[in-house]
$ cat work.pdb   # PDB, C-alpha atoms
MODEL        1
ATOM      1  CA  MET A   1      18.770  54.134  87.304
ATOM      2  CA  ASP A   2      15.941  53.334  89.688
ATOM      3  CA  ALA A   3      16.433  50.033  91.514
ATOM      4  CA  TYR A   4      13.100  48.528  90.545
ATOM      5  CA  GLU A   5      13.539  49.506  86.913
ATOM      6  CA  ALA A   6      17.042  48.015  86.800
ATOM      7  CA  ILE A   7      15.793  44.759  88.311
ATOM      8  CA  VAL A   8      12.726  44.174  86.186
ATOM      9  CA  THR A   9      14.265  45.305  82.882
ATOM     10  CA  LYS A  10      17.425  43.182  83.226
ATOM     11  CA  ARG A  11      17.613  40.555  80.502
ATOM     12  CA  ASP A  12      20.262  37.891  80.068
ATOM     13  CA  THR A  13      22.035  39.147  76.943
ATOM     14  CA  ARG A  14      24.893  37.476  75.041
ATOM     15  CA  GLU A  15      25.766  39.972  72.273
ATOM     16  CA  TYR A  16      28.098  42.785  73.205
ATOM     17  CA  GLU A  17      30.002  45.615  71.626
ATOM     18  CA  GLN A  18      33.743  45.080  71.688
ATOM     19  CA  ARG A  19      34.599  48.163  73.758
ATOM     20  CA  PRO A  20      35.706  47.541  77.349
ATOM     21  CA  ILE A  21      33.562  48.388  80.360
ATOM     22  CA  GLU A  22      34.195  51.910  81.672
ATOM     23  CA  PRO A  23      36.382  51.824  84.805
ATOM     24  CA  ASP A  24      33.832  53.638  87.010
ATOM     25  CA  ALA A  25      31.063  51.316  85.897
ATOM     26  CA  LEU A  26      33.270  48.283  86.512
ATOM     27  CA  ARG A  27      34.093  49.519  89.990
ATOM     28  CA  ARG A  28      30.411  49.803  90.888
ATOM     29  CA  ILE A  29      29.657  46.389  89.399
ATOM     30  CA  VAL A  30      32.414  44.778  91.446
ATOM     31  CA  GLN A  31      31.423  46.648  94.613
ATOM     32  CA  ALA A  32      27.862  45.430  94.150
ATOM     33  CA  ALA A  33      29.179  41.872  94.029
ATOM     34  CA  ARG A  34      31.374  42.401  97.076
ATOM     35  CA  MET A  35      28.529  43.811  99.182
ATOM     36  CA  ALA A  36      26.188  40.848  98.709
ATOM     37  CA  GLY A  37      25.234  39.165 101.956
ATOM     38  CA  SER A  38      26.160  35.553 102.652
ATOM     39  CA  SER A  39      25.159  32.827 105.061
ATOM     40  CA  LYS A  40      26.710  33.585 108.480
ATOM     41  CA  ASN A  41      28.585  36.408 106.694
ATOM     42  CA  ALA A  42      31.140  33.795 105.652
ATOM     43  CA  GLN A  43      31.817  35.722 102.407
ATOM     44  CA  PRO A  44      32.847  32.597 100.503
ATOM     45  CA  ILE A  45      32.707  34.135  97.028
ATOM     46  CA  ARG A  46      35.544  35.575  94.932
ATOM     47  CA  LEU A  47      35.669  37.024  91.430
ATOM     48  CA  VAL A  48      38.263  36.363  88.765
ATOM     49  CA  LEU A  49      37.931  39.033  86.075
ATOM     50  CA  VAL A  50      39.072  37.768  82.708
ATOM     51  CA  THR A  51      39.682  39.984  79.686
ATOM     52  CA  ASP A  52      42.683  38.137  78.255
ATOM     53  CA  PRO A  53      41.624  36.709  74.851
ATOM     54  CA  GLU A  54      43.487  33.434  75.225
ATOM     55  CA  ILE A  55      42.126  32.743  78.711
ATOM     56  CA  LYS A  56      38.583  33.564  77.563
ATOM     57  CA  GLN A  57      38.981  31.208  74.624
ATOM     58  CA  ARG A  58      40.253  28.380  76.800
ATOM     59  CA  LEU A  59      37.606  29.033  79.473
ATOM     60  CA  ALA A  60      34.920  28.536  76.824
ATOM     61  CA  GLY A  61      36.269  24.997  76.460
ATOM     62  CA  CYS A  62      35.537  24.331  80.155
ATOM     63  CA  GLY A  63      31.766  24.593  79.696
ATOM     64  CA  ASP A  64      28.885  23.947  77.334
ATOM     65  CA  PHE A  65      26.840  26.663  75.559
ATOM     66  CA  THR A  66      29.822  28.987  75.923
ATOM     67  CA  GLN A  67      30.079  30.076  72.300
ATOM     68  CA  HIS A  68      29.657  33.777  73.109
ATOM     69  CA  LEU A  69      32.253  33.760  75.880
ATOM     70  CA  PRO A  70      35.398  34.556  73.826
ATOM     71  CA  GLN A  71      33.663  37.591  72.237
ATOM     72  CA  SER A  72      32.502  38.987  75.576
ATOM     73  CA  PRO A  73      34.619  41.981  76.644
ATOM     74  CA  MET A  74      34.775  40.699  80.217
ATOM     75  CA  VAL A  75      34.079  37.416  81.950
ATOM     76  CA  ALA A  76      33.616  37.588  85.717
ATOM     77  CA  VAL A  77      34.231  34.094  87.023
ATOM     78  CA  VAL A  78      32.292  33.596  90.260
ATOM     79  CA  VAL A  79      34.299  31.277  92.491
ATOM     80  CA  ARG A  80      33.028  29.529  95.636
ATOM     81  CA  LEU A  81      35.392  28.576  98.457
ATOM     82  CA  GLY A  82      34.990  25.626 100.818
ATOM     83  CA  ASP A  83      31.555  24.121 101.492
ATOM     84  CA  SER A  84      29.764  27.333 100.553
ATOM     85  CA  ARG A  85      26.322  27.501  99.002
ATOM     86  CA  PRO A  86      25.547  28.069  95.325
ATOM     87  CA  PHE A  87      22.648  30.179  96.665
ATOM     88  CA  ASP A  88      25.159  32.755  97.921
ATOM     89  CA  ALA A  89      26.905  32.748  94.552
ATOM     90  CA  GLY A  90      23.528  33.549  93.003
ATOM     91  CA  ARG A  91      23.143  36.523  95.344
ATOM     92  CA  VAL A  92      26.551  37.882  94.321
ATOM     93  CA  ALA A  93      25.913  37.330  90.631
ATOM     94  CA  GLN A  94      22.514  39.004  90.709
ATOM     95  CA  ASN A  95      23.859  42.044  92.550
ATOM     96  CA  MET A  96      26.554  42.322  89.920
ATOM     97  CA  MET A  97      24.150  41.937  87.006
ATOM     98  CA  VAL A  98      21.584  44.424  88.351
ATOM     99  CA  ALA A  99      24.324  46.969  89.070
ATOM    100  CA  ALA A 100      25.609  46.343  85.540
ATOM    101  CA  ARG A 101      22.144  46.924  84.117
ATOM    102  CA  ALA A 102      22.032  50.290  85.905
ATOM    103  CA  GLU A 103      25.308  51.179  84.128
ATOM    104  CA  GLY A 104      23.972  50.156  80.733
ATOM    105  CA  VAL A 105      26.065  46.986  80.810
ATOM    106  CA  ALA A 106      24.410  43.725  79.756
ATOM    107  CA  SER A 107      25.296  40.324  81.180
ATOM    108  CA  CYS A 108      24.559  36.620  81.127
ATOM    109  CA  PRO A 109      25.416  33.708  83.430
ATOM    110  CA  VAL A 110      27.282  30.859  81.748
ATOM    111  CA  GLY A 111      27.757  27.466  83.332
ATOM    112  CA  ILE A 112      31.335  26.168  83.586
ATOM    113  CA  GLN A 113      30.652  22.496  84.119
ATOM    114  CA  HIS A 114      34.180  21.118  83.939
ATOM    115  CA  ASP A 115      35.689  21.954  87.315
ATOM    116  CA  GLU A 116      39.190  20.615  86.748
ATOM    117  CA  CYS A 117      39.497  22.371  83.404
ATOM    118  CA  ALA A 118      38.655  25.732  84.972
ATOM    119  CA  ARG A 119      40.763  25.077  88.064
ATOM    120  CA  GLN A 120      43.886  24.443  86.027
ATOM    121  CA  LEU A 121      43.263  27.304  83.614
ATOM    122  CA  LEU A 122      42.670  29.878  86.362
ATOM    123  CA  SER A 123      45.179  28.400  88.859
ATOM    124  CA  LEU A 124      42.392  28.010  91.427
ATOM    125  CA  PRO A 125      43.277  26.490  94.801
ATOM    126  CA  PRO A 126      41.894  23.032  95.661
ATOM    127  CA  GLU A 127      39.084  24.405  97.856
ATOM    128  CA  ALA A 128      37.726  26.656  95.091
ATOM    129  CA  ILE A 129      35.210  25.772  92.424
ATOM    130  CA  VAL A 130      33.601  27.843  89.710
ATOM    131  CA  ALA A 131      29.952  28.520  90.589
ATOM    132  CA  MET A 132      29.261  30.373  87.340
ATOM    133  CA  ALA A 133      30.843  32.697  84.839
ATOM    134  CA  ILE A 134      29.137  36.014  84.065
ATOM    135  CA  THR A 135      29.776  37.592  80.683
ATOM    136  CA  LEU A 136      29.596  41.381  80.649
ATOM    137  CA  GLY A 137      29.608  44.079  77.998
ATOM    138  CA  TYR A 138      27.703  46.942  76.428
ATOM    139  CA  PRO A 139      24.826  45.434  74.448
ATOM    140  CA  VAL A 140      24.773  45.639  70.671
ATOM    141  CA  PRO A 141      22.006  48.206  69.933
ATOM    142  CA  GLY A 142      18.821  46.620  68.725
ATOM    143  CA  THR A 143      19.606  43.087  69.816
ATOM    144  CA  ALA A 144      16.720  41.303  71.459
ATOM    145  CA  GLY A 145      16.751  40.726  75.162
ATOM    146  CA  GLY A 146      16.729  36.995  74.714
ATOM    147  CA  ARG A 147      14.272  34.520  76.124
ATOM    148  CA  GLY A 148      14.010  36.544  79.310
ATOM    149  CA  ASP A 149      11.061  38.427  77.886
ATOM    150  CA  GLN A 150       8.668  35.648  78.761
ATOM    151  CA  ARG A 151       7.890  35.036  82.414
ATOM    152  CA  ILE A 152       5.205  32.937  84.010
ATOM    153  CA  GLN A 153       2.286  34.931  85.358
ATOM    154  CA  LEU A 154       1.926  35.976  88.965
ATOM    155  CA  ASP A 155      -0.805  33.417  89.631
ATOM    156  CA  GLN A 156       1.616  30.676  88.600
ATOM    157  CA  PHE A 157       4.495  32.140  90.567
ATOM    158  CA  VAL A 158       2.998  33.096  93.948
ATOM    159  CA  TYR A 159       1.117  30.987  96.472
ATOM    160  CA  GLN A 160      -0.544  32.377  99.592
ATOM    161  CA  GLN A 161       0.232  30.668 102.926
ATOM    162  CA  THR A 162       0.574  27.144 101.466
ATOM    163  CA  TRP A 163       0.847  25.422  98.077
ATOM    164  CA  ASP A 164      -2.874  24.635  98.065
ATOM    165  CA  GLY A 165      -3.838  28.190  99.070
ATOM    166  CA  HIS A 166      -4.830  31.141  96.897
ATOM    167  CA  ARG A 167      -2.492  31.883  93.983
ATOM    168  CA  GLY A 168      -1.326  35.343  92.970
ATOM    169  CA  LEU A 169      -1.354  38.532  95.009
TER     170      LEU A 169
ATOM    171  CA  MET B 170      15.934  54.555  95.218
ATOM    172  CA  ASP B 171      18.972  54.361  92.949
ATOM    173  CA  ALA B 172      19.897  50.805  92.009
ATOM    174  CA  TYR B 173      23.508  50.983  93.142
ATOM    175  CA  GLU B 174      22.541  52.568  96.454
ATOM    176  CA  ALA B 175      19.881  49.909  97.087
ATOM    177  CA  ILE B 176      22.357  47.124  96.342
ATOM    178  CA  VAL B 177      25.317  48.313  98.394
ATOM    179  CA  THR B 178      23.292  49.510 101.400
ATOM    180  CA  LYS B 179      21.224  46.335 101.729
ATOM    181  CA  ARG B 180      21.946  44.563 105.021
ATOM    182  CA  ASP B 181      20.511  41.273 106.214
ATOM    183  CA  THR B 182      18.246  42.467 109.027
ATOM    184  CA  ARG B 183      16.187  40.330 111.421
ATOM    185  CA  GLU B 184      14.275  42.872 113.543
ATOM    186  CA  TYR B 185      11.090  44.265 112.069
ATOM    187  CA  GLU B 186       8.164  46.434 113.032
ATOM    188  CA  GLN B 187       4.931  44.499 113.294
ATOM    189  CA  ARG B 188       3.067  46.411 110.564
ATOM    190  CA  PRO B 189       2.449  44.559 107.300
ATOM    191  CA  ILE B 190       4.226  45.417 104.082
ATOM    192  CA  GLU B 191       2.342  47.980 101.980
ATOM    193  CA  PRO B 192       0.531  46.310  99.066
ATOM    194  CA  ASP B 193       2.257  48.375  96.367
ATOM    195  CA  ALA B 194       5.660  47.644  97.868
ATOM    196  CA  LEU B 195       4.837  43.948  98.115
ATOM    197  CA  ARG B 196       3.761  43.885  94.482
ATOM    198  CA  ARG B 197       7.086  45.354  93.358
ATOM    199  CA  ILE B 198       9.037  42.957  95.582
ATOM    200  CA  VAL B 199       7.221  39.958  94.119
ATOM    201  CA  GLN B 200       7.564  41.241  90.548
ATOM    202  CA  ALA B 201      11.288  41.652  91.124
ATOM    203  CA  ALA B 202      11.446  38.006  92.169
ATOM    204  CA  ARG B 203       9.377  36.893  89.198
ATOM    205  CA  MET B 204      11.543  38.744  86.673
ATOM    206  CA  ALA B 205      14.826  37.122  87.730
ATOM    207  CA  GLY B 206      16.505  35.211  84.940
ATOM    208  CA  SER B 207      17.094  31.467  85.184
ATOM    209  CA  SER B 208      19.182  28.838  83.452
ATOM    210  CA  LYS B 209      17.626  28.107  80.026
ATOM    211  CA  ASN B 210      14.716  30.323  81.166
ATOM    212  CA  ALA B 211      13.314  27.256  82.934
ATOM    213  CA  GLN B 212      11.800  29.496  85.651
ATOM    214  CA  PRO B 213      11.981  26.766  88.305
ATOM    215  CA  ILE B 214      11.332  29.026  91.302
ATOM    216  CA  ARG B 215       8.065  29.721  93.122
ATOM    217  CA  LEU B 216       7.225  31.813  96.182
ATOM    218  CA  VAL B 217       4.964  30.856  99.057
ATOM    219  CA  LEU B 218       4.101  34.025 100.991
ATOM    220  CA  VAL B 219       3.378  33.256 104.639
ATOM    221  CA  THR B 220       1.820  35.733 107.057
ATOM    222  CA  ASP B 221      -0.312  33.273 109.053
ATOM    223  CA  PRO B 222       1.053  33.219 112.641
ATOM    224  CA  GLU B 223       0.634  29.502 113.166
ATOM    225  CA  ILE B 224       2.305  28.572 109.885
ATOM    226  CA  LYS B 225       5.198  30.956 110.606
ATOM    227  CA  GLN B 226       5.613  29.413 114.061
ATOM    228  CA  ARG B 227       5.642  25.879 112.690
ATOM    229  CA  LEU B 228       7.940  26.843 109.807
ATOM    230  CA  ALA B 229      10.477  28.064 112.354
ATOM    231  CA  GLY B 230      10.573  24.477 113.618
ATOM    232  CA  CYS B 231      11.689  23.290 110.167
ATOM    233  CA  GLY B 232      15.035  25.104 110.364
ATOM    234  CA  ASP B 233      17.841  26.190 112.665
ATOM    235  CA  PHE B 234      18.579  29.815 113.620
ATOM    236  CA  THR B 235      14.961  30.660 112.850
ATOM    237  CA  GLN B 236      14.121  32.423 116.123
ATOM    238  CA  HIS B 237      13.121  35.660 114.430
ATOM    239  CA  LEU B 238      10.889  33.988 111.879
ATOM    240  CA  PRO B 239       7.576  33.987 113.810
ATOM    241  CA  GLN B 240       7.909  37.718 114.549
ATOM    242  CA  SER B 241       8.608  38.606 110.917
ATOM    243  CA  PRO B 242       5.559  40.201 109.253
ATOM    244  CA  MET B 243       6.088  38.131 106.140
ATOM    245  CA  VAL B 244       8.078  35.064 105.206
ATOM    246  CA  ALA B 245       8.616  34.490 101.497
ATOM    247  CA  VAL B 246       9.458  30.823 101.082
ATOM    248  CA  VAL B 247      11.603  30.347  97.975
ATOM    249  CA  VAL B 248      10.750  26.966  96.469
ATOM    250  CA  ARG B 249      12.751  25.129  93.788
ATOM    251  CA  LEU B 250      11.088  22.695  91.397
ATOM    252  CA  GLY B 251      12.716  19.661  89.803
ATOM    253  CA  ASP B 252      16.469  19.487  89.327
ATOM    254  CA  SER B 253      16.851  23.266  89.377
ATOM    255  CA  ARG B 254      19.877  25.125  90.664
ATOM    256  CA  PRO B 255      20.195  26.820  94.053
ATOM    257  CA  PHE B 256      22.108  29.488  92.114
ATOM    258  CA  ASP B 257      18.867  30.509  90.387
ATOM    259  CA  ALA B 258      17.090  30.639  93.750
ATOM    260  CA  GLY B 259      19.796  33.037  94.900
ATOM    261  CA  ARG B 260      19.146  35.259  91.884
ATOM    262  CA  VAL B 261      15.426  35.400  92.701
ATOM    263  CA  ALA B 262      16.048  36.058  96.386
ATOM    264  CA  GLN B 263      18.539  38.833  95.741
ATOM    265  CA  ASN B 264      16.211  40.568  93.290
ATOM    266  CA  MET B 265      13.495  40.413  95.919
ATOM    267  CA  MET B 266      15.718  41.716  98.705
ATOM    268  CA  VAL B 267      17.180  44.583  96.677
ATOM    269  CA  ALA B 268      13.705  45.614  95.506
ATOM    270  CA  ALA B 269      12.580  45.424  99.153
ATOM    271  CA  ARG B 270      15.480  47.618 100.205
ATOM    272  CA  ALA B 271      14.374  50.220  97.659
ATOM    273  CA  GLU B 272      10.924  50.183  99.322
ATOM    274  CA  GLY B 273      12.393  50.608 102.801
ATOM    275  CA  VAL B 274      11.694  46.960 103.591
ATOM    276  CA  ALA B 275      14.427  44.950 105.317
ATOM    277  CA  SER B 276      14.999  41.237 104.804
ATOM    278  CA  CYS B 277      17.103  38.222 105.711
ATOM    279  CA  PRO B 278      17.551  34.745 104.229
ATOM    280  CA  VAL B 279      16.842  31.898 106.642
ATOM    281  CA  GLY B 280      17.806  28.309 105.952
ATOM    282  CA  ILE B 281      15.018  25.729 106.194
ATOM    283  CA  GLN B 282      17.105  22.589 106.527
ATOM    284  CA  HIS B 283      14.370  20.040 107.217
ATOM    285  CA  ASP B 284      12.841  19.380 103.822
ATOM    286  CA  GLU B 285      10.101  16.972 104.854
ATOM    287  CA  CYS B 286       8.970  19.222 107.701
ATOM    288  CA  ALA B 287       8.518  22.162 105.323
ATOM    289  CA  ARG B 288       6.991  20.024 102.590
ATOM    290  CA  GLN B 289       4.261  18.737 104.872
ATOM    291  CA  LEU B 290       3.601  22.113 106.488
ATOM    292  CA  LEU B 291       3.283  23.969 103.176
ATOM    293  CA  SER B 292       1.669  21.078 101.233
ATOM    294  CA  LEU B 293       4.516  21.186  98.699
ATOM    295  CA  PRO B 294       4.462  18.671  95.847
ATOM    296  CA  PRO B 295       7.117  15.923  95.766
ATOM    297  CA  GLU B 296       9.274  17.699  93.163
ATOM    298  CA  ALA B 297       9.509  20.894  95.244
ATOM    299  CA  ILE B 298      12.051  21.732  97.903
ATOM    300  CA  VAL B 299      12.591  24.854  99.954
ATOM    301  CA  ALA B 300      15.717  26.647  98.761
ATOM    302  CA  MET B 301      15.497  29.355 101.425
ATOM    303  CA  ALA B 302      13.027  31.419 103.379
ATOM    304  CA  ILE B 303      13.276  35.218 103.233
ATOM    305  CA  THR B 304      11.912  37.192 106.168
ATOM    306  CA  LEU B 305      10.609  40.647 105.289
ATOM    307  CA  GLY B 306       9.423  43.679 107.207
ATOM    308  CA  TYR B 307      10.007  47.343 107.929
ATOM    309  CA  PRO B 308      13.140  47.582 110.069
ATOM    310  CA  VAL B 309      12.936  48.699 113.678
ATOM    311  CA  PRO B 310      14.472  52.203 113.641
ATOM    312  CA  GLY B 311      17.965  52.323 115.052
ATOM    313  CA  THR B 312      18.646  48.605 114.876
ATOM    314  CA  ALA B 313      22.051  47.734 113.552
ATOM    315  CA  GLY B 314      22.413  46.309 110.089
ATOM    316  CA  GLY B 315      23.851  43.067 111.421
ATOM    317  CA  ARG B 316      27.156  41.493 110.548
ATOM    318  CA  GLY B 317      26.757  42.640 106.965
ATOM    319  CA  ASP B 318      28.638  45.813 107.777
ATOM    320  CA  GLN B 319      31.971  44.077 107.450
ATOM    321  CA  ARG B 320      33.104  42.970 104.032
ATOM    322  CA  ILE B 321      36.464  41.764 102.848
ATOM    323  CA  GLN B 322      38.441  44.337 100.919
ATOM    324  CA  LEU B 323      38.564  44.533  97.146
ATOM    325  CA  ASP B 324      42.096  43.155  97.004
ATOM    326  CA  GLN B 325      40.879  40.029  98.777
ATOM    327  CA  PHE B 326      37.767  39.737  96.653
ATOM    328  CA  VAL B 327      38.941  40.352  93.086
ATOM    329  CA  TYR B 328      41.621  38.593  91.042
ATOM    330  CA  GLN B 329      42.760  39.708  87.598
ATOM    331  CA  GLN B 330      42.883  37.074  84.819
ATOM    332  CA  THR B 331      43.871  34.166  87.114
ATOM    333  CA  TRP B 332      44.086  33.333  90.829
ATOM    334  CA  ASP B 333      47.819  34.109  90.852
ATOM    335  CA  GLY B 334      47.349  37.381  88.988
ATOM    336  CA  HIS B 335      47.034  40.941  90.304
ATOM    337  CA  ARG B 336      44.464  41.404  93.076
ATOM    338  CA  GLY B 337      41.996  44.251  93.276
ATOM    339  CA  LEU B 338      40.925  46.633  90.542
TER     340      LEU B 338
ENDMDL
END
$ encode --input "work.pdb" --output "structure tokens"
Amino acid sequence: MDAYEAIVTKRDTREYEQRPIEPDALRRIVQAARMAGSSKNAQPIRLVLVTDPEIKQRLAGCGDFTQHLPQSPMVAVVVRLGDSRPFDAGRVAQNMMVAARAEGVASCPVGIQHDECARQLLSLPPEAIVAMAITLGYPVPGTAGGRGDQRIQLDQFVYQQTWDGHRGL
Amino acid sequence: MDAYEAIVTKRDTREYEQRPIEPDALRRIVQAARMAGSSKNAQPIRLVLVTDPEIKQRLAGCGDFTQHLPQSPMVAVVVRLGDSRPFDAGRVAQNMMVAARAEGVASCPVGIQHDECARQLLSLPPEAIVAMAITLGYPVPGTAGGRGDQRIQLDQFVYQQTWDGHRGL
């Protein structure tokens, strides 16, 4: 799929078919995550790929608004090491989700707010924290794309030169 | 350009030709930023597009490691509003940079550490802070892709089920 098309048609989607992600597609999704740039090339991000039903169920208990997590075929837990930036975790996650979109795989970020809960469940080392979990799976045909359909207009989103300059392109 | 190719070949690049970004390419880059998903679809991110030489020069003074900023044809300042997440700013920035890559436009994130300096320079409102600046331009032919060439291997990057599980795919 064309890069621009994959980017602008990606919607955060929570309803998936139960079949697993094809191995070749998964490999490209993970490679996309791995190749994301990071501040000073510190590469502080790791993925924990969870398909185990019990771990998914317990992981859902480590966050809020996680109802769809146990039914997601895969959960890619995005882990930050050390004093790394959530911004870099966002870069990794977006690469992964756009690459997934190009493979026909839908995705959605899910906050895992309870650090200690996730650390114990996933046996994370002390210097690691969960930046986000990304649910992944083939979308149920006909399901809506979620709230992502609405976006603010360009003249609300873009400012020229300064905040009090011309808006839009 | 194919989505996967754009994602995995994107390198953070700081040396640009002096010509401006083509309008159609710029429009797609900005649309890619605008279409990024955000937590609860709050859409807390805005862009300030800076091409003015004096503003670029002064913006470089608001951060460290910003030497290449004044010579960059465009600086897209990624602004966060309210109590938004840097993670969402990373999603926007990565969309923008991958879309740029597909247009043959190189890019690099640059930290703007001095909030008040940037706020005054860009006339940002009190609830806004600069998450990152992204320099953009057509790459100088033959310049190296930067440190982005090296990435940790898959068996260092991916863990199965838990941190003490199998590594790699």
$ interface_residues --input "work.pdb" --of "chain A" --to "chain B" --cutoff "6 Å" --atoms "all atoms listed in the file" --output "PDB file with C-alpha atoms, in the frame of the given file"
ATOM      1  CA  MET A   1      18.770  54.134  87.304  1.00  0.00           C
ATOM      2  CA  ASP A   2      15.941  53.334  89.688  1.00  0.00           C
ATOM      3  CA  ALA A   3      16.433  50.033  91.514  1.00  0.00           C
ATOM      4  CA  TYR A   4      13.100  48.528  90.545  1.00  0.00           C
ATOM      5  CA  VAL A   8      12.726  44.174  86.186  1.00  0.00           C
ATOM      6  CA  ALA A  32      27.862  45.430  94.150  1.00  0.00           C
ATOM      7  CA  MET A  35      28.529  43.811  99.182  1.00  0.00           C
ATOM      8  CA  ARG A  46      35.544  35.575  94.932  1.00  0.00           C
ATOM      9  CA  LEU A  47      35.669  37.024  91.430  1.00  0.00           C
ATOM     10  CA  VAL A  48      38.263  36.363  88.765  1.00  0.00           C
ATOM     11  CA  LEU A  49      37.931  39.033  86.075  1.00  0.00           C
ATOM     12  CA  VAL A  50      39.072  37.768  82.708  1.00  0.00           C
ATOM     13  CA  PRO A  86      25.547  28.069  95.325  1.00  0.00           C
ATOM     14  CA  PHE A  87      22.648  30.179  96.665  1.00  0.00           C
ATOM     15  CA  GLY A  90      23.528  33.549  93.003  1.00  0.00           C
ATOM     16  CA  ARG A  91      23.143  36.523  95.344  1.00  0.00           C
ATOM     17  CA  GLN A  94      22.514  39.004  90.709  1.00  0.00           C
ATOM     18  CA  ALA A  99      24.324  46.969  89.070  1.00  0.00           C
ATOM     19  CA  LEU A 122      42.670  29.878  86.362  1.00  0.00           C
ATOM     20  CA  SER A 123      45.179  28.400  88.859  1.00  0.00           C
ATOM     21  CA  LEU A 124      42.392  28.010  91.427  1.00  0.00           C
ATOM     22  CA  PHE A 157       4.495  32.140  90.567  1.00  0.00           C
ATOM     23  CA  VAL A 158       2.998  33.096  93.948  1.00  0.00           C
ATOM     24  CA  TYR A 159       1.117  30.987  96.472  1.00  0.00           C
ATOM     25  CA  GLN A 160      -0.544  32.377  99.592  1.00  0.00           C
ATOM     26  CA  GLN A 161       0.232  30.668 102.926  1.00  0.00           C
ATOM     27  CA  THR A 162       0.574  27.144 101.466  1.00  0.00           C
ATOM     28  CA  TRP A 163       0.847  25.422  98.077  1.00  0.00           C
TER      29      TRP A 163
END
$ atom_distance --input "work.pdb" --atom1 "CA of Cys62 in chain A" --atom2 "CA of Cys117 in chain A"
5.5 Å
$ residues_around --input "work.pdb" --residues "Gly273 in chain B" --least-positions-apart "5" --cutoff "9 Å" --atoms "only C-alpha atoms" --output "PyMOL selection string"
chain B and resi 194+268+306-308
$ atom_distance --input "work.pdb" --atom1 "CA of Val299 in chain B" --atom2 "CA of Thr312 in chain B"
28.7 Å
$ atom_distance --input "work.pdb" --atom1 "CA of Thr135 in chain A" --atom2 "CA of Ala106 in chain A"
8.2 Å
$ axis_aligned_box --input "work.pdb" --around "range 120-129 of chain A" --padding-each-side "4 Å" --output "AutoDock Vina command-line options"
--center_x 40.2 --center_y 26.5 --center_z 90.7 --size_x 18.0 --size_y 14.8 --size_z 22.2
$ resolve_selection --input "work.pdb" --expression "the PyMOL selection byres ((chain B and resi 239) around 7)" --output "PDB file with C-alpha atoms, keeping the file's coordinate frame"
ATOM      1  CA  PRO B 222       1.053  33.219 112.641  1.00  0.00           C
ATOM      2  CA  LYS B 225       5.198  30.956 110.606  1.00  0.00           C
ATOM      3  CA  GLN B 226       5.613  29.413 114.061  1.00  0.00           C
ATOM      4  CA  ALA B 229      10.477  28.064 112.354  1.00  0.00           C
ATOM      5  CA  HIS B 237      13.121  35.660 114.430  1.00  0.00           C
ATOM      6  CA  LEU B 238      10.889  33.988 111.879  1.00  0.00           C
ATOM      7  CA  GLN B 240       7.909  37.718 114.549  1.00  0.00           C
ATOM      8  CA  SER B 241       8.608  38.606 110.917  1.00  0.00           C
TER       9      SER B 241
END
